[in-house]
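Working notes, beginning with the structure itself.
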Amino acid sequence: MKDKIFAVLQRVGRSFMLPIAILPVAGLLLGVGGSFTNETMLETYGLLQIMGPGTVFNAIFTVMKEAGDIVFTNLPIIFAMGVAIGMAKKEKEVSALAAVIAFFIMHASIGAMIEINGGTESMLSGATTSVCGITSLQMGVFGGIIVGLGVAALHNRFYKIQLPQVLSFFGGTRFVPIISALVYTGVGILMFFVWPVIQSGIYAVGDVVLNSGYAGTWVYGFMERLLIPFGLHHVFYLPFWQTALGGTLEVAGQTIEGAQNIFFAQLADPTVEHFAVSATRFMAGKFPMMIFGLPGAALAMYKVARTDKKKAVEGLLLSAALTSMLTGITEPIEFTFLFVAPLLYGIHCVFAGLAYMLMHVFNVGVGMTFSGGLIDMFLFGVLQGNAKTNWIWIVIVGIGYFVVYYFLFSFLIKKLDLKTPGRDDSEEVKLYRRSDVEARKNGGAGVGAQASTEDALSEAICNGLGGKKNISDVDCCATRLRCTVYKAELVNDAMLKATGASGIVHKGNGVQIIYGPRVTVIKSNLEDYLETAPNEEHIAQKETAVEEEQVTEKAEGKVVETITISSPVTGMAADLSTAPDEAFAGRMMGDGAVVTPVDPVVTAPEDGEVCFVFETKHAIGFQTDSGISLLIHMGIDTVKLNGKGFEVLVENGQKVKKGEPMLKLDIEYLKANAPSIVSPVLCTELEDNQRIRLLKDGNIKAGEPLFAVDIYE
Amino acid sequence: MKNFSYVITDEIGIHARPAGLLVKEAKKYASKVVIKANGKSAEATRLMAVMGMGVKCGQTVEVEVTGDDEDAAFEGMKAFFEENL
């Protein structure tokens, strides 16, 4: 049960990542635009002449400001869509449409209820607002999240529904917006009664946090850091940033709720003299910790690494430290010590809380869009001027943090002999392990295609997770690959680590593999790979791993003979893995290549014998005189055409010369009636010492070399 | 030696994909698996031979397993045919 909750929360957390990803961009527009249209700022720097109202610059920056601001204004609906997309299992686009519809309907329904019950005057002040032009309850992003989660639940339940014949047009995915619309009419009515109660509850809790002063800020910071390893920090801090939990404030005549919203509303309001620290206390603490503290820890880890491994850890730690400093993405560096030295992480959490508290004490009013890196500090601190933000304290406290982190980490690592990167006696530094694996895979198979590097990595990850059959979902957040598996026991940590992961978190059937910011690329490669991978379980055992290595090593021996197989048809050649069919792409039928024919005549690829022609005429079994068994399979699923679209020019058992015509295709008919005309040409019976090497990728003529069969010693 | 016969119900018969799966299944066992149909016979581990038989829907195939793990192979192959063909 607990694990199930974790799995759901993990999905909720990662579904937030899509809408959150827009915030840095929107923040950049608003930050730059807001700063340079702020007359007080322009006056301070004497730029009124060049950039003041009426100038071209002012026009540009005003547009930027508005473009950024609109995103923050409409975050609820963006969250509704983003969460619905993130939580929907399949046909995600439909859930997005349904979420928008449900969002409008819910608020329209609330609006109608308000009207019926005496209009906005009879409601609590600040309880109502305009949501996309609808007068409704102020629900903040919670409103969006309620819609997103509910619609996704309806979607996952109903997107395959079958309705009676008469109504069948409204079945399947079309049913999802319909049911969502009906349900959310009801939810709207319900919310009219429920939300005001929740609202006063949130205000009360927010009050407690807000009024607990510095101690409250420390607890907030400590909790936020502590939740990072579980990936649940988004769930924790977002309510503070986006709802009344993080306080309410009147800015430019409007009641704004949520710490981040307050900050950005103030950013857009030129009359603000100092940003509200009651709001920024939930953000500013990240700056000294991320820009100064963690890089100090990185330097400490570098210094205490073994001399012979310093070079290797340098790249790892430097890039991790830079990522933290510039963008405020801290996982790469935090995960280098979290798993090997949890004690250090505990200390880090205490200091993180302290950083938030110190920023609060020193009245630092710097907000952020996403996280606390240099970019945000510059835009929302330095550019706004010290008078409004007290940003200088970030630097002062930060320098202290750098020193403290450096000495504390050095001392503890040495004293307790913690195995941070480059200190482990047996293991090589992780970064090196990954490239080693790739190099071995690359060189070993002799399949020199560039694409295979990614595929090799994806394959390794897939196998580490227990094979495709074991993988239920794949997604990612800023730094980790978040997967759900069916059988947790099939997951092999060692294999996953070898793929370059800096850490792995398990919770029930949820697995998070931490790679750092490059994870989005890894995720899309893995998804592409999974589309075509064989659907099977991979049971990882030490023995098999060793065996595989031996096979690879054997194969690395000398090529004693190479047999070239030519293309039987003129068209486009490509790697077999691109075949739009699992069985072929997964090399279940053998290894080779695919050709997409443009010319109707299929010829003998080499001198040999036609072993058999299928009665359905769509495929030929062929044996070359050099002893290779080939299957030439024209198109995908063409067996179902029962011979239509094909004309056979040879007989079973007939000896043919290279280039002799064997089949004639009606390409137009095939294109119209088969799922694909991509045609696999493959060797069905390869020995262990035989490997396929693609010779041509792209345009190819019949008779030109397609792939080679390398025979090793 | 153990054997069973099976009537193919898959409408396209033992075509490329099912044949590929069949070979994969047969390779799991040490026993020799032989398939007979249409008066032809083929070793189940040889894809070309299996496909070359051109077994169609409604035809009966005889499957023969001989070897050390023939009990397991018998059960495995039988289950495979029932599930996939």
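So you can find residues: chains in the structure tokens are A, B, ... in the order shown, residues in each start at 1, and ligands are numbered from 1 in order.
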- Message: Show me, as a VMD selection string, the residues of chain B whose atoms get within 10 Å of chain A, using only C-alpha atoms for the distance check.
- Response: chain B and resid 11 to 13 15 to 21 23 to 24 45 to 49 51 to 54 56
Generate the output file for the selected residues, N, CA and C atoms, as a tab-separated table (two decimals), in the first residue's frame.
chain	number	residue	atom	x	y	z
B	11	GLU	N	-4.69	-18.02	-38.59
B	11	GLU	CA	-5.19	-17.95	-39.96
B	11	GLU	C	-4.12	-17.78	-41.02
B	12	ILE	N	-2.95	-17.29	-40.65
B	12	ILE	CA	-1.92	-17.17	-41.68
B	12	ILE	C	-0.92	-18.32	-41.65
B	13	GLY	N	-1.16	-19.29	-40.78
B	13	GLY	CA	-0.28	-20.46	-40.75
B	13	GLY	C	1.06	-20.15	-40.12
B	15	HIS	N	3.89	-18.67	-40.52
B	15	HIS	CA	4.56	-17.70	-41.38
B	15	HIS	C	5.79	-17.15	-40.66
B	16	ALA	N	6.46	-16.18	-41.29
B	16	ALA	CA	7.73	-15.68	-40.79
B	16	ALA	C	7.75	-15.42	-39.28
B	17	ARG	N	6.83	-14.60	-38.81
B	17	ARG	CA	6.90	-14.23	-37.40
B	17	ARG	C	6.66	-15.42	-36.47
B	18	PRO	N	5.55	-16.16	-36.66
B	18	PRO	CA	5.37	-17.33	-35.79
B	18	PRO	C	6.54	-18.31	-35.92
B	19	ALA	N	7.08	-18.44	-37.11
B	19	ALA	CA	8.20	-19.35	-37.30
B	19	ALA	C	9.39	-18.89	-36.48
B	20	GLY	N	9.61	-17.57	-36.48
B	20	GLY	CA	10.72	-17.01	-35.69
B	20	GLY	C	10.55	-17.33	-34.21
B	21	LEU	N	9.32	-17.17	-33.73
B	21	LEU	CA	9.04	-17.46	-32.32
B	21	LEU	C	9.25	-18.95	-32.04
B	23	VAL	N	11.18	-21.09	-33.57
B	23	VAL	CA	12.60	-21.43	-33.54
B	23	VAL	C	13.21	-21.02	-32.20
B	24	LYS	N	12.81	-19.83	-31.76
B	24	LYS	CA	13.34	-19.33	-30.51
B	24	LYS	C	12.98	-20.27	-29.36
B	45	THR	N	14.64	-25.89	-35.11
B	45	THR	CA	15.60	-24.83	-34.85
B	45	THR	C	16.08	-24.17	-36.14
B	46	ARG	N	15.66	-24.70	-37.29
B	46	ARG	CA	16.12	-24.12	-38.56
B	46	ARG	C	14.99	-23.33	-39.19
B	47	LEU	N	15.12	-22.01	-39.09
B	47	LEU	CA	14.05	-21.11	-39.51
B	47	LEU	C	13.66	-21.31	-40.97
B	48	MET	N	14.68	-21.41	-41.84
B	48	MET	CA	14.39	-21.53	-43.27
B	48	MET	C	13.59	-22.79	-43.54
B	49	ALA	N	14.00	-23.87	-42.87
B	49	ALA	CA	13.34	-25.13	-43.10
B	49	ALA	C	11.89	-25.07	-42.62
B	51	MET	N	9.99	-22.42	-42.28
B	51	MET	CA	9.18	-21.57	-43.16
B	51	MET	C	8.95	-22.24	-44.49
B	52	GLY	N	9.94	-22.99	-44.94
B	52	GLY	CA	9.86	-23.65	-46.23
B	52	GLY	C	8.75	-24.69	-46.30
B	53	MET	N	8.32	-25.18	-45.12
B	53	MET	CA	7.25	-26.17	-45.11
B	53	MET	C	5.93	-25.56	-45.55
B	54	GLY	N	5.79	-24.28	-45.34
B	54	GLY	CA	4.58	-23.57	-45.78
B	54	GLY	C	3.32	-24.11	-45.13
B	56	LYS	N	-0.12	-24.24	-43.40
B	56	LYS	CA	-1.22	-23.28	-43.43
B	56	LYS	C	-2.26	-23.59	-42.37
- Item | A:Val313 surroundings by only C-alpha atoms, 7 Å radius, close-in-sequence under 4 positions cut, as number ranges by chain | A: 302, 309, 317, 421-422, 429
- Query: So which residues touch A:Ala355 within 9 Å, counting only C-alpha atoms, skipping near sequence neighbours fewer than 2 positions away, as a ChimeraX atom specification?
  - Reply: /A:218,221,284-289,350-353,357-360,397-398,401
- Query: When distances are computed from only C-alpha atoms, which of A:Gly373, A:Gly627, A:Pro19, A:Gly503 shows the smallest separation from A:Thr330?
  - Reply: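 Result for the nearest residue to A:Thr330: A:Gly373.
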I'd like the neighbourhood of A:Gly293 as a PDB file with C-alpha atoms, in the first residue's frame, where a residue qualifies if any of its atoms comes within 12 Å (using only C-alpha atoms), though same-chain residues fewer than 2 positions away should be ignored.
ATOM      1  CA  GLY A 285      17.739  30.087   0.632  1.00  0.00           C
ATOM      2  CA  LYS A 286      18.577  28.108  -2.470  1.00  0.00           C
ATOM      3  CA  PHE A 287      21.037  30.712  -3.735  1.00  0.00           C
ATOM      4  CA  PRO A 288      23.839  30.504  -1.157  1.00  0.00           C
ATOM      5  CA  MET A 289      23.502  26.739  -1.000  1.00  0.00           C
ATOM      6  CA  MET A 290      23.462  26.097  -4.745  1.00  0.00           C
ATOM      7  CA  ILE A 291      25.844  28.763  -6.005  1.00  0.00           C
ATOM      8  CA  PRO A 295      30.464  23.804  -5.309  1.00  0.00           C
ATOM      9  CA  GLY A 296      32.462  23.976  -2.042  1.00  0.00           C
ATOM     10  CA  ALA A 297      31.475  20.389  -1.387  1.00  0.00           C
ATOM     11  CA  ALA A 298      32.521  19.468  -4.932  1.00  0.00           C
ATOM     12  CA  LEU A 299      35.936  21.056  -4.429  1.00  0.00           C
ATOM     13  CA  ALA A 300      36.323  19.142  -1.183  1.00  0.00           C
ATOM     14  CA  ALA A 321      29.248  21.928  -9.702  1.00  0.00           C
ATOM     15  CA  SER A 324      24.343  23.602  -9.697  1.00  0.00           C
ATOM     16  CA  MET A 325      25.876  27.089  -9.862  1.00  0.00           C
ATOM     17  CA  GLY A 328      20.337  25.552  -9.699  1.00  0.00           C
ATOM     18  CA  THR A 330      21.593  20.225  -7.745  1.00  0.00           C
ATOM     19  CA  ILE A 333      26.213  16.835  -7.297  1.00  0.00           C
ATOM     20  CA  GLU A 334      23.968  15.788  -4.430  1.00  0.00           C
ATOM     21  CA  ILE A 347      24.238  17.619   7.215  1.00  0.00           C
ATOM     22  CA  HIS A 348      23.529  19.193   3.846  1.00  0.00           C
ATOM     23  CA  CYS A 349      19.796  19.264   4.672  1.00  0.00           C
ATOM     24  CA  PHE A 351      22.548  23.634   6.259  1.00  0.00           C
ATOM     25  CA  ALA A 352      19.959  24.044   3.519  1.00  0.00           C
ATOM     26  CA  LEU A 354      19.797  27.258   7.704  1.00  0.00           C
ATOM     27  CA  ALA A 355      20.397  28.979   4.365  1.00  0.00           C
ATOM     28  CA  GLY A 372      18.421  29.080  -7.379  1.00  0.00           C
ATOM     29  CA  GLY A 373      21.277  29.352  -9.845  1.00  0.00           C
ATOM     30  CA  ILE A 394      23.504  36.071  -0.767  1.00  0.00           C
ATOM     31  CA  VAL A 395      27.149  36.605  -1.657  1.00  0.00           C
ATOM     32  CA  ILE A 396      28.249  37.300   1.896  1.00  0.00           C
ATOM     33  CA  VAL A 397      26.455  34.286   3.363  1.00  0.00           C
ATOM     34  CA  GLY A 398      27.414  32.298   0.254  1.00  0.00           C
ATOM     35  CA  ILE A 399      31.146  32.808   0.753  1.00  0.00           C
ATOM     36  CA  GLY A 400      30.707  31.562   4.291  1.00  0.00           C
ATOM     37  CA  TYR A 401      28.823  28.558   2.953  1.00  0.00           C
ATOM     38  CA  PHE A 402      31.552  27.764   0.455  1.00  0.00           C
ATOM     39  CA  VAL A 403      34.171  27.731   3.205  1.00  0.00           C
ATOM     40  CA  VAL A 404      32.022  25.750   5.652  1.00  0.00           C
ATOM     41  CA  TYR A 405      31.000  23.155   3.066  1.00  0.00           C
ATOM     42  CA  TYR A 406      34.574  22.784   1.868  1.00  0.00           C
ATOM     43  CA  PHE A 407      36.120  22.220   5.290  1.00  0.00           C
ATOM     44  CA  LEU A 408      33.252  20.201   6.716  1.00  0.00           C
ATOM     45  CA  PHE A 409      33.143  17.846   3.741  1.00  0.00           C
TER      46      PHE A 409
END
- Query: Just asking: which residues within stretch 5-72 of chain B are strand (DSSP E or B) according to DSSP, as a PyMOL selection string?
  - Reply: chain B and resi 5-7+32-37+40-43+60-66
I need the chosen residues saved as a tab-separated table (two decimals), in the first residue's frame, with N, CA and C atoms.
chain	number	residue	atom	x	y	z
B	5	SER	N	0.32	-34.10	-31.89
B	5	SER	CA	-0.06	-33.43	-33.14
B	5	SER	C	-0.96	-32.26	-32.80
B	6	TYR	N	-0.96	-31.31	-33.71
B	6	TYR	CA	-1.66	-30.07	-33.43
B	6	TYR	C	-2.23	-29.52	-34.73
B	7	VAL	N	-3.48	-29.07	-34.67
B	7	VAL	CA	-4.09	-28.46	-35.86
B	7	VAL	C	-3.91	-26.94	-35.77
B	32	LYS	N	16.12	-32.57	-29.55
B	32	LYS	CA	15.92	-32.29	-30.96
B	32	LYS	C	14.41	-32.21	-31.19
B	33	VAL	N	13.95	-31.14	-31.80
B	33	VAL	CA	12.53	-30.97	-32.06
B	33	VAL	C	12.31	-31.03	-33.57
B	34	VAL	N	11.48	-31.96	-34.00
B	34	VAL	CA	11.24	-32.11	-35.44
B	34	VAL	C	9.75	-31.88	-35.70
B	35	ILE	N	9.48	-31.12	-36.75
B	35	ILE	CA	8.10	-30.85	-37.12
B	35	ILE	C	7.81	-31.51	-38.46
B	36	LYS	N	6.67	-32.20	-38.53
B	36	LYS	CA	6.30	-32.84	-39.79
B	36	LYS	C	4.95	-32.32	-40.24
B	37	ALA	N	4.86	-32.01	-41.51
B	37	ALA	CA	3.58	-31.61	-42.08
B	37	ALA	C	3.69	-31.66	-43.58
B	40	LYS	N	6.46	-33.23	-45.39
B	40	LYS	CA	7.83	-32.76	-45.23
B	40	LYS	C	8.16	-32.75	-43.74
B	41	SER	N	9.43	-32.74	-43.43
B	41	SER	CA	9.78	-32.57	-42.03
B	41	SER	C	10.94	-31.59	-41.92
B	42	ALA	N	11.01	-30.96	-40.77
B	42	ALA	CA	12.06	-29.95	-40.58
B	42	ALA	C	12.44	-29.90	-39.11
B	43	GLU	N	13.70	-29.58	-38.88
B	43	GLU	CA	14.14	-29.35	-37.50
B	43	GLU	C	13.63	-27.98	-37.07
B	60	THR	N	-2.55	-30.17	-40.09
B	60	THR	CA	-2.09	-30.81	-38.88
B	60	THR	C	-0.57	-30.93	-38.91
B	61	VAL	N	0.08	-30.58	-37.81
B	61	VAL	CA	1.53	-30.79	-37.73
B	61	VAL	C	1.81	-31.82	-36.64
B	62	GLU	N	2.82	-32.63	-36.91
B	62	GLU	CA	3.30	-33.59	-35.91
B	62	GLU	C	4.57	-32.99	-35.31
B	63	VAL	N	4.64	-32.96	-34.01
B	63	VAL	CA	5.84	-32.44	-33.37
B	63	VAL	C	6.47	-33.58	-32.57
B	64	GLU	N	7.76	-33.80	-32.82
B	64	GLU	CA	8.47	-34.90	-32.18
B	64	GLU	C	9.63	-34.34	-31.38
B	65	VAL	N	9.74	-34.69	-30.11
B	65	VAL	CA	10.91	-34.25	-29.35
B	65	VAL	C	11.68	-35.46	-28.86
B	66	THR	N	13.00	-35.41	-29.01
B	66	THR	CA	13.86	-36.50	-28.59
B	66	THR	C	15.06	-35.91	-27.88
Could you name the residues that touch B:Asp69 at 9 Å or less, counting only C-alpha atoms, but leaving out those on the same chain fewer than 6 positions away, as a PDB file with C-alpha atoms, in the first residue's frame?
ATOM      1  CA  TYR B  29      15.806 -27.107 -25.196  1.00  0.00           C
ATOM      2  CA  ALA B  30      18.628 -29.539 -25.650  1.00  0.00           C
ATOM      3  CA  SER B  31      16.244 -32.015 -27.230  1.00  0.00           C
TER       4      SER B  31
END
- Item | Counting only C-alpha atoms, the option among B:Thr9, B:Asn3, B:Gln59, B:Asn38 closest to B:Phe74 |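 Counting only C-alpha atoms, the residue closest to B:Phe74 is B:Asn3.
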- Message: Going by DSSP on the backbone, which residues of chain B come out as helix (DSSP H, G or I)? List them as an NGL selection string.
- Response: :B and (16-26 or 47-52 or 70-84)
Selection above as a file: N, CA and C atoms, as a short mmCIF file (atom, residue, chain, number, x, y, z; two decimals), in the first residue's frame:
data_model
loop_
_atom_site.label_atom_id
_atom_site.label_comp_id
_atom_site.auth_asym_id
_atom_site.auth_seq_id
_atom_site.Cartn_x
_atom_site.Cartn_y
_atom_site.Cartn_z
N ALA B 16 6.46 -16.18 -41.29
CA ALA B 16 7.73 -15.68 -40.79
C ALA B 16 7.75 -15.42 -39.28
N ARG B 17 6.83 -14.60 -38.81
CA ARG B 17 6.90 -14.23 -37.40
C ARG B 17 6.66 -15.42 -36.47
N PRO B 18 5.55 -16.16 -36.66
CA PRO B 18 5.37 -17.33 -35.79
C PRO B 18 6.54 -18.31 -35.92
N ALA B 19 7.08 -18.44 -37.11
CA ALA B 19 8.20 -19.35 -37.30
C ALA B 19 9.39 -18.89 -36.48
N GLY B 20 9.61 -17.57 -36.48
CA GLY B 20 10.72 -17.01 -35.69
C GLY B 20 10.55 -17.33 -34.21
N LEU B 21 9.32 -17.17 -33.73
CA LEU B 21 9.04 -17.46 -32.32
C LEU B 21 9.25 -18.95 -32.04
N LEU B 22 8.79 -19.76 -32.98
CA LEU B 22 8.89 -21.21 -32.83
C LEU B 22 10.35 -21.64 -32.69
N VAL B 23 11.18 -21.09 -33.57
CA VAL B 23 12.60 -21.43 -33.54
C VAL B 23 13.21 -21.02 -32.20
N LYS B 24 12.81 -19.83 -31.76
CA LYS B 24 13.34 -19.33 -30.51
C LYS B 24 12.98 -20.27 -29.36
N GLU B 25 11.73 -20.72 -29.36
CA GLU B 25 11.25 -21.62 -28.31
C GLU B 25 12.02 -22.95 -28.39
N ALA B 26 12.16 -23.46 -29.60
CA ALA B 26 12.79 -24.77 -29.77
C ALA B 26 14.25 -24.74 -29.34
N LEU B 47 15.12 -22.01 -39.09
CA LEU B 47 14.05 -21.11 -39.51
C LEU B 47 13.66 -21.31 -40.97
N MET B 48 14.68 -21.41 -41.84
CA MET B 48 14.39 -21.53 -43.27
C MET B 48 13.59 -22.79 -43.54
N ALA B 49 14.00 -23.87 -42.87
CA ALA B 49 13.34 -25.13 -43.10
C ALA B 49 11.89 -25.07 -42.62
N VAL B 50 11.69 -24.47 -41.47
CA VAL B 50 10.34 -24.38 -40.92
C VAL B 50 9.45 -23.55 -41.84
N MET B 51 9.99 -22.42 -42.28
CA MET B 51 9.18 -21.57 -43.16
C MET B 51 8.95 -22.24 -44.49
N GLY B 52 9.94 -22.99 -44.94
CA GLY B 52 9.86 -23.65 -46.23
C GLY B 52 8.75 -24.69 -46.30
N GLU B 70 13.40 -34.05 -22.83
CA GLU B 70 12.25 -34.12 -23.71
C GLU B 70 10.93 -33.87 -23.00
N ASP B 71 10.87 -34.16 -21.69
CA ASP B 71 9.61 -33.88 -20.99
C ASP B 71 9.34 -32.37 -20.97
N ALA B 72 10.37 -31.63 -20.60
CA ALA B 72 10.23 -30.18 -20.56
C ALA B 72 9.97 -29.63 -21.95
N ALA B 73 10.70 -30.14 -22.91
CA ALA B 73 10.55 -29.66 -24.28
C ALA B 73 9.15 -29.96 -24.80
N PHE B 74 8.66 -31.15 -24.46
CA PHE B 74 7.32 -31.54 -24.89
C PHE B 74 6.28 -30.56 -24.36
N GLU B 75 6.36 -30.32 -23.04
CA GLU B 75 5.40 -29.41 -22.43
C GLU B 75 5.55 -28.00 -23.02
N GLY B 76 6.79 -27.57 -23.13
CA GLY B 76 7.06 -26.22 -23.62
C GLY B 76 6.54 -26.01 -25.03
N MET B 77 6.83 -26.98 -25.91
CA MET B 77 6.44 -26.83 -27.31
C MET B 77 4.91 -26.90 -27.42
N LYS B 78 4.32 -27.77 -26.63
CA LYS B 78 2.88 -27.93 -26.70
C LYS B 78 2.20 -26.61 -26.28
N ALA B 79 2.69 -26.08 -25.17
CA ALA B 79 2.13 -24.82 -24.69
C ALA B 79 2.33 -23.73 -25.74
N PHE B 80 3.49 -23.76 -26.38
CA PHE B 80 3.78 -22.73 -27.38
C PHE B 80 2.80 -22.80 -28.55
N PHE B 81 2.59 -24.00 -29.04
CA PHE B 81 1.68 -24.15 -30.18
C PHE B 81 0.27 -23.69 -29.82
N GLU B 82 -0.17 -24.12 -28.63
CA GLU B 82 -1.53 -23.77 -28.24
C GLU B 82 -1.70 -22.26 -28.10
N GLU B 83 -0.64 -21.63 -27.63
CA GLU B 83 -0.75 -20.20 -27.38
C GLU B 83 -0.59 -19.38 -28.66
N ASN B 84 0.32 -19.80 -29.52
CA ASN B 84 0.69 -18.93 -30.64
C ASN B 84 0.17 -19.37 -32.00
#
- Identify, on the basis of only C-alpha atoms, every residue whose closest approach to A:Val183 does not exceed 10 Å; exclude the query and any residue fewer than 2 positions from it along the same chain; express the result as a PyMOL selection string. chain A and resi 102+105-106+150-151+154+177-181+185-188
- Message: To one decimal place in Å, what is the distance between atom CA of A:Gln384 and atom CA of A:Phe240?
- Response: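 Computing the Euclidean distance for atom CA of A:Gln384 and atom CA of A:Phe240 yields 23.0 Å.
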- What is the distance, in Å and to one decimal place, between atom CA of A:Glu489 and atom CA of A:Gly586?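 Going from atom CA of A:Glu489 over to atom CA of A:Gly586, I get 24.5 Å.
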- Item | For A:Gly86: contacts at 12 Å, only C-alpha atoms, fewer than 4 positions along chain excluded, given as JSON, numbers by chain | {"A": [8, 10, 11, 12, 13, 14, 15, 16, 17, 18, 19, 20, 78, 79, 80, 81, 82, 90, 91, 92, 93, 94, 95, 96, 99, 145, 148, 149, 151, 152, 153, 155, 156, 473, 474, 475, 476, 477]}
